[in-house]
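Novice: So that you have it, the file is protein.txt, and it contains compact mmCIF, N, CA and C atoms:
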# COMPACT_ATOMS: atom_id res chain seq x y z
N MET Y 1 7.48 58.46 8.29
CA MET Y 1 7.49 57.08 7.84
C MET Y 1 8.94 56.58 7.79
N ASP Y 2 9.18 55.46 8.42
CA ASP Y 2 10.52 54.88 8.48
C ASP Y 2 10.70 53.91 7.31
N LEU Y 3 11.56 54.26 6.36
CA LEU Y 3 11.78 53.40 5.20
C LEU Y 3 12.92 52.42 5.40
N CYS Y 4 13.65 52.57 6.48
CA CYS Y 4 14.78 51.68 6.76
C CYS Y 4 14.28 50.41 7.42
N PRO Y 5 14.75 49.27 6.96
CA PRO Y 5 14.33 48.03 7.63
C PRO Y 5 14.92 47.98 9.03
N ARG Y 6 14.18 47.37 9.93
CA ARG Y 6 14.67 47.25 11.29
C ARG Y 6 14.79 45.77 11.60
N LYS Y 7 15.90 45.41 12.23
CA LYS Y 7 16.11 44.02 12.60
C LYS Y 7 15.81 43.86 14.07
N VAL Y 8 15.05 42.84 14.37
CA VAL Y 8 14.70 42.54 15.76
C VAL Y 8 15.00 41.07 15.99
N LYS Y 9 15.71 40.78 17.06
CA LYS Y 9 15.96 39.38 17.40
C LYS Y 9 14.81 38.87 18.24
N ALA Y 10 14.35 37.71 17.90
CA ALA Y 10 13.25 37.11 18.65
C ALA Y 10 13.37 35.60 18.58
N GLN Y 11 12.89 34.96 19.59
CA GLN Y 11 12.84 33.51 19.61
C GLN Y 11 11.60 33.06 18.86
N VAL Y 12 11.75 32.08 18.00
CA VAL Y 12 10.63 31.52 17.26
C VAL Y 12 10.58 30.04 17.59
N LEU Y 13 9.42 29.58 18.00
CA LEU Y 13 9.23 28.20 18.40
C LEU Y 13 8.43 27.48 17.33
N SER Y 14 9.02 26.51 16.66
CA SER Y 14 8.32 25.77 15.61
C SER Y 14 7.34 24.79 16.24
N LEU Y 15 6.08 24.90 15.83
CA LEU Y 15 5.03 24.05 16.41
C LEU Y 15 4.68 22.86 15.54
N THR Y 16 4.93 22.97 14.23
CA THR Y 16 4.57 21.88 13.32
C THR Y 16 5.67 21.67 12.28
N ARG Y 17 5.65 20.55 11.62
CA ARG Y 17 6.60 20.29 10.54
C ARG Y 17 6.33 21.22 9.35
N MET Y 18 5.12 21.79 9.28
CA MET Y 18 4.79 22.70 8.19
C MET Y 18 5.25 24.12 8.50
N ALA Y 19 6.08 24.27 9.52
CA ALA Y 19 6.71 25.54 9.86
C ALA Y 19 5.75 26.59 10.37
N THR Y 20 4.73 26.18 11.09
CA THR Y 20 3.90 27.12 11.82
C THR Y 20 4.61 27.37 13.13
N SER Y 21 4.88 28.65 13.40
CA SER Y 21 5.74 28.99 14.53
C SER Y 21 5.11 30.05 15.41
N LEU Y 22 5.53 30.08 16.66
CA LEU Y 22 5.03 31.02 17.65
C LEU Y 22 6.14 32.00 18.01
N THR Y 23 5.80 33.29 18.06
CA THR Y 23 6.74 34.32 18.48
C THR Y 23 5.96 35.39 19.23
N ASN Y 24 6.61 36.49 19.55
CA ASN Y 24 5.95 37.59 20.26
C ASN Y 24 5.31 38.56 19.29
N TYR Y 25 4.13 39.06 19.64
CA TYR Y 25 3.42 40.02 18.80
C TYR Y 25 4.23 41.30 18.62
N HIS Y 26 4.86 41.79 19.68
CA HIS Y 26 5.58 43.07 19.56
C HIS Y 26 6.71 42.99 18.54
N VAL Y 27 7.17 41.81 18.23
CA VAL Y 27 8.24 41.64 17.25
C VAL Y 27 7.73 41.87 15.83
N VAL Y 28 6.50 41.47 15.54
CA VAL Y 28 5.97 41.56 14.19
C VAL Y 28 4.91 42.66 14.02
N ALA Y 29 4.58 43.36 15.09
CA ALA Y 29 3.46 44.30 15.11
C ALA Y 29 3.48 45.32 13.97
N ASP Y 30 4.58 45.98 13.73
CA ASP Y 30 4.65 47.02 12.71
C ASP Y 30 5.46 46.59 11.49
N ALA Y 31 5.72 45.32 11.37
CA ALA Y 31 6.58 44.84 10.29
C ALA Y 31 5.83 44.78 8.97
N ARG Y 32 6.47 45.25 7.92
CA ARG Y 32 5.94 45.08 6.56
C ARG Y 32 6.43 43.77 5.98
N GLN Y 33 7.52 43.28 6.52
CA GLN Y 33 8.13 42.04 6.04
C GLN Y 33 8.76 41.35 7.25
N VAL Y 34 8.61 40.03 7.32
CA VAL Y 34 9.18 39.26 8.42
C VAL Y 34 10.11 38.20 7.82
N GLU Y 35 11.29 38.10 8.39
CA GLU Y 35 12.27 37.11 7.94
C GLU Y 35 12.74 36.31 9.14
N VAL Y 36 12.85 35.00 8.97
CA VAL Y 36 13.29 34.12 10.04
C VAL Y 36 14.63 33.51 9.65
N THR Y 37 15.59 33.56 10.57
CA THR Y 37 16.88 32.91 10.37
C THR Y 37 16.93 31.71 11.30
N LEU Y 38 17.13 30.53 10.73
CA LEU Y 38 17.17 29.30 11.52
C LEU Y 38 18.56 29.09 12.12
N HIS Y 39 18.68 28.10 12.97
CA HIS Y 39 19.95 27.81 13.64
C HIS Y 39 21.08 27.52 12.65
N ASN Y 40 20.72 27.03 11.46
CA ASN Y 40 21.73 26.72 10.43
C ASN Y 40 22.02 27.93 9.54
N ARG Y 41 21.53 29.09 9.92
CA ARG Y 41 21.73 30.38 9.24
C ARG Y 41 20.95 30.53 7.93
N LYS Y 42 20.08 29.58 7.61
CA LYS Y 42 19.24 29.72 6.43
C LYS Y 42 18.12 30.70 6.75
N LYS Y 43 17.80 31.57 5.78
CA LYS Y 43 16.79 32.61 5.98
C LYS Y 43 15.56 32.32 5.14
N TYR Y 44 14.38 32.61 5.74
CA TYR Y 44 13.11 32.38 5.06
C TYR Y 44 12.20 33.57 5.31
N LYS Y 45 11.44 33.96 4.28
CA LYS Y 45 10.41 34.97 4.48
C LYS Y 45 9.26 34.32 5.21
N ALA Y 46 8.68 35.07 6.14
CA ALA Y 46 7.59 34.53 6.96
C ALA Y 46 6.31 35.33 6.71
N THR Y 47 5.19 34.67 6.89
CA THR Y 47 3.88 35.30 6.80
C THR Y 47 3.24 35.26 8.19
N VAL Y 48 2.72 36.38 8.63
CA VAL Y 48 2.00 36.42 9.91
C VAL Y 48 0.60 35.88 9.64
N VAL Y 49 0.22 34.79 10.32
CA VAL Y 49 -1.08 34.16 10.08
C VAL Y 49 -2.05 34.35 11.23
N GLY Y 50 -1.57 34.90 12.34
CA GLY Y 50 -2.47 35.17 13.47
C GLY Y 50 -1.76 35.96 14.55
N THR Y 51 -2.53 36.77 15.26
CA THR Y 51 -1.96 37.55 16.36
C THR Y 51 -2.92 37.60 17.55
N ASP Y 52 -2.34 37.78 18.72
CA ASP Y 52 -3.09 37.99 19.96
C ASP Y 52 -2.35 39.09 20.74
N PRO Y 53 -2.56 40.36 20.34
CA PRO Y 53 -1.81 41.46 20.97
C PRO Y 53 -1.91 41.54 22.50
N PRO Y 54 -3.10 41.31 23.10
CA PRO Y 54 -3.14 41.41 24.57
C PRO Y 54 -2.22 40.42 25.29
N HIS Y 55 -1.94 39.29 24.64
CA HIS Y 55 -1.06 38.28 25.24
C HIS Y 55 0.33 38.27 24.61
N ASP Y 56 0.60 39.25 23.73
CA ASP Y 56 1.90 39.41 23.07
C ASP Y 56 2.33 38.14 22.32
N LEU Y 57 1.38 37.55 21.59
CA LEU Y 57 1.66 36.34 20.81
C LEU Y 57 1.37 36.57 19.33
N ALA Y 58 2.17 35.93 18.49
CA ALA Y 58 1.93 35.94 17.06
C ALA Y 58 2.26 34.57 16.49
N VAL Y 59 1.49 34.16 15.49
CA VAL Y 59 1.75 32.91 14.79
C VAL Y 59 2.22 33.28 13.40
N ILE Y 60 3.36 32.74 13.02
CA ILE Y 60 3.92 33.00 11.69
C ILE Y 60 4.14 31.67 10.99
N GLN Y 61 4.29 31.74 9.67
CA GLN Y 61 4.53 30.52 8.91
C GLN Y 61 5.63 30.77 7.88
N ILE Y 62 6.53 29.80 7.76
CA ILE Y 62 7.59 29.86 6.76
C ILE Y 62 7.53 28.58 5.93
N LYS Y 63 8.11 28.64 4.75
CA LYS Y 63 8.19 27.45 3.91
C LYS Y 63 9.61 26.93 4.00
N ALA Y 64 9.84 26.05 4.95
CA ALA Y 64 11.15 25.45 5.18
C ALA Y 64 10.99 23.95 5.31
N PRO Y 65 11.82 23.18 4.62
CA PRO Y 65 11.69 21.72 4.68
C PRO Y 65 12.30 21.14 5.95
N ASP Y 66 11.77 20.04 6.38
CA ASP Y 66 12.36 19.22 7.43
C ASP Y 66 12.56 19.91 8.77
N LEU Y 67 11.64 20.77 9.17
CA LEU Y 67 11.73 21.35 10.51
C LEU Y 67 11.28 20.33 11.53
N ILE Y 68 11.91 20.36 12.67
CA ILE Y 68 11.52 19.47 13.77
C ILE Y 68 10.76 20.31 14.78
N PRO Y 69 9.48 20.02 14.99
CA PRO Y 69 8.70 20.84 15.91
C PRO Y 69 9.14 20.65 17.36
N ALA Y 70 9.00 21.72 18.13
CA ALA Y 70 9.32 21.66 19.55
C ALA Y 70 8.28 20.79 20.26
N VAL Y 71 8.70 20.10 21.28
CA VAL Y 71 7.79 19.30 22.09
C VAL Y 71 7.42 20.16 23.29
N LEU Y 72 6.14 20.49 23.38
CA LEU Y 72 5.67 21.33 24.48
C LEU Y 72 5.21 20.47 25.64
N GLY Y 73 5.47 20.95 26.82
CA GLY Y 73 5.04 20.23 28.01
C GLY Y 73 3.59 20.55 28.36
N ASP Y 74 3.09 19.85 29.33
CA ASP Y 74 1.73 20.05 29.81
C ASP Y 74 1.83 20.41 31.29
N SER Y 75 1.48 21.64 31.62
CA SER Y 75 1.65 22.10 33.00
C SER Y 75 0.83 21.29 34.00
N ARG Y 76 -0.18 20.57 33.53
CA ARG Y 76 -0.96 19.73 34.45
C ARG Y 76 -0.16 18.55 34.96
N ASN Y 77 0.93 18.21 34.26
CA ASN Y 77 1.75 17.06 34.65
C ASN Y 77 3.02 17.45 35.39
N LEU Y 78 3.18 18.74 35.71
CA LEU Y 78 4.38 19.17 36.45
C LEU Y 78 4.39 18.55 37.84
N GLN Y 79 5.61 18.29 38.33
CA GLN Y 79 5.77 17.75 39.67
C GLN Y 79 6.78 18.61 40.42
N VAL Y 80 6.57 18.76 41.72
CA VAL Y 80 7.51 19.50 42.54
C VAL Y 80 8.88 18.84 42.41
N GLY Y 81 9.91 19.66 42.17
CA GLY Y 81 11.27 19.16 42.00
C GLY Y 81 11.67 18.97 40.54
N GLN Y 82 10.70 19.06 39.63
CA GLN Y 82 10.99 18.87 38.22
C GLN Y 82 11.70 20.10 37.66
N LYS Y 83 12.66 19.87 36.74
CA LYS Y 83 13.36 20.97 36.09
C LYS Y 83 12.48 21.57 34.99
N VAL Y 84 12.53 22.90 34.86
CA VAL Y 84 11.81 23.61 33.81
C VAL Y 84 12.75 24.61 33.16
N TYR Y 85 12.47 24.96 31.89
CA TYR Y 85 13.33 25.85 31.12
C TYR Y 85 12.49 26.90 30.41
N ALA Y 86 13.05 28.09 30.26
CA ALA Y 86 12.43 29.16 29.47
C ALA Y 86 13.49 29.66 28.49
N ILE Y 87 13.14 29.71 27.22
CA ILE Y 87 14.07 30.12 26.17
C ILE Y 87 13.54 31.40 25.54
N GLY Y 88 14.43 32.36 25.28
CA GLY Y 88 13.97 33.61 24.66
C GLY Y 88 15.11 34.55 24.35
N ASN Y 89 14.74 35.78 24.05
CA ASN Y 89 15.69 36.84 23.73
C ASN Y 89 15.34 38.11 24.50
N PRO Y 90 15.38 38.11 25.81
CA PRO Y 90 15.00 39.31 26.56
C PRO Y 90 16.01 40.43 26.35
N PHE Y 91 15.50 41.65 26.24
CA PHE Y 91 16.34 42.84 26.13
C PHE Y 91 17.31 42.77 24.96
N GLY Y 92 16.96 42.03 23.90
CA GLY Y 92 17.82 41.95 22.73
C GLY Y 92 18.97 40.97 22.85
N LEU Y 93 19.06 40.26 23.96
CA LEU Y 93 20.11 39.25 24.11
C LEU Y 93 19.73 38.04 23.25
N ALA Y 94 20.70 37.48 22.58
CA ALA Y 94 20.41 36.38 21.66
C ALA Y 94 20.50 35.02 22.36
N GLY Y 95 19.46 34.21 22.17
CA GLY Y 95 19.49 32.81 22.59
C GLY Y 95 19.71 32.57 24.06
N THR Y 96 18.93 33.21 24.92
CA THR Y 96 19.09 32.98 26.35
C THR Y 96 18.22 31.81 26.81
N MET Y 97 18.64 31.18 27.89
CA MET Y 97 17.86 30.11 28.48
C MET Y 97 17.95 30.25 30.00
N THR Y 98 16.81 30.14 30.64
CA THR Y 98 16.75 30.19 32.10
C THR Y 98 16.26 28.84 32.58
N ARG Y 99 16.88 28.34 33.64
CA ARG Y 99 16.52 27.05 34.19
C ARG Y 99 15.98 27.25 35.59
N GLY Y 100 15.02 26.45 35.96
CA GLY Y 100 14.46 26.54 37.30
C GLY Y 100 13.93 25.19 37.74
N ILE Y 101 13.37 25.17 38.94
CA ILE Y 101 12.80 23.95 39.50
C ILE Y 101 11.41 24.28 40.02
N VAL Y 102 10.46 23.40 39.74
CA VAL Y 102 9.11 23.58 40.24
C VAL Y 102 9.15 23.42 41.76
N GLU Y 103 8.71 24.46 42.47
CA GLU Y 103 8.79 24.43 43.93
C GLU Y 103 7.43 24.35 44.61
N PHE Y 104 6.35 24.51 43.85
CA PHE Y 104 5.03 24.57 44.47
C PHE Y 104 4.01 23.96 43.53
N ASP Y 105 3.10 23.20 44.05
CA ASP Y 105 2.01 22.62 43.27
C ASP Y 105 0.70 23.18 43.82
N PRO Y 106 0.11 24.18 43.11
CA PRO Y 106 -1.11 24.81 43.63
C PRO Y 106 -2.27 23.85 43.76
N SER Y 107 -2.28 22.73 43.02
CA SER Y 107 -3.38 21.80 43.12
C SER Y 107 -3.37 21.04 44.45
N ARG Y 108 -2.22 21.08 45.14
CA ARG Y 108 -2.12 20.39 46.44
C ARG Y 108 -2.17 21.37 47.61
N ALA Y 109 -2.41 22.64 47.33
CA ALA Y 109 -2.47 23.65 48.40
C ALA Y 109 -3.73 23.46 49.22
N ARG Y 110 -3.60 23.68 50.53
CA ARG Y 110 -4.76 23.59 51.40
C ARG Y 110 -5.33 24.98 51.64
N ALA Y 111 -6.64 25.07 51.67
CA ALA Y 111 -7.29 26.37 51.88
C ALA Y 111 -7.27 26.77 53.33
The structure given in the file should be rewritten as structure tokens.
Specialist:
Amino acid sequence: MDLCPRKVKAQVLSLTRMATSLTNYHVVADARQVEVTLHNRKKYKATVVGTDPPHDLAVIQIKAPDLIPAVLGDSRNLQVGQKVYAIGNPFGLAGTMTRGIVEFDPSRARA
């Protein structure tokens, strides 16, 4: 049994003003306690309110005032040539962002 706390960096995406957030399941899977540090360095204890292990997703909630929820796009409205971004912490790197361009629209593909 590991009694030492372990710190894991993960990206947390705020979905609502009530601080319901999305993160990866593997980040919270074995955690006895979850803590979220916001961009302003304020720390909050989080509660895991839902998980989807096969898709590596977890929903957590914190009690933090005045959060601004992320605006999520709708993939049905993507257009070829449009810029897209992915934000995360792969391999323990903090705050990475990848940029790309939509190059293919499968709805316009011919059989």
Novice: Between Y:Val28, Y:Val34, Y:Val102, Y:Val59, which is the closest to Y:Leu78 once you count only N, CA and C atoms?
Specialist: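 Using only N, CA and C atoms, the shortest distance to Y:Leu78 belongs to Y:Val102.
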Novice: Suppose you want the space between atom CA of Y:Glu35 and atom C of Y:Thr96; what is it in Å?
Specialist: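 The value is 20.5 Å.
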Novice: Report, in Å with one decimal, the straight-line distance from atom CA of Y:Thr23 to atom CA of Y:His39.
Specialist: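 One can read the atom CA of Y:Thr23 to atom CA of Y:His39 distance as 15.5 Å.
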Novice: Could you work out how far atom CA of Y:Asp74 lies from atom CA of Y:Gln61, giving the answer in Å with one decimal?
Specialist: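 Interatomic distance here is 23.5 Å.
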Novice: For a quick check of understanding, using all atoms listed in the file, which of Y:Lys45, Y:Asn40, Y:Gly50, Y:Ile60 has the smallest distance to Y:Ser21?
Specialist: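 Residue with the minimum atom-to-atom distance to Y:Ser21: Y:Ile60.
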Novice: Taking only N, CA and C atoms into account, name the residue in Y:Ile62, Y:Leu67, Y:Val80, Y:Ala86 that is nearest to Y:Val36.
Specialist: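 When distances to Y:Val36 are compared using only N, CA and C atoms, the smallest one comes from Y:Ile62.
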Novice: Restricting the calculation to only N, CA and C atoms: of Y:Tyr85, Y:Phe104, Y:Tyr44, Y:Tyr25, which residue gets closest to Y:Asp56?
Specialist: Y:Tyr25
Novice: Which is closest to Y:His26 among Y:Pro69, Y:Gly100, Y:Gly81, Y:Pro53, if we use all atoms listed in the file?
Specialist: Y:Pro53
Novice: Which polymer residues have any atom within 8 Å of an atom of Y:Gln79, counting only N, CA and C atoms, with same-chain residues fewer than 4 positions away left out, as a ChimeraX atom specification?
Specialist: /Y:75,83,101-105
Novice: Could you check which of Y:Met97, Y:Ala70, Y:Ala29, Y:Ala19 is closest to Y:Leu57, using only C-alpha atoms?
Specialist: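 Distance minimum relative to Y:Leu57 lands on Y:Ala29.
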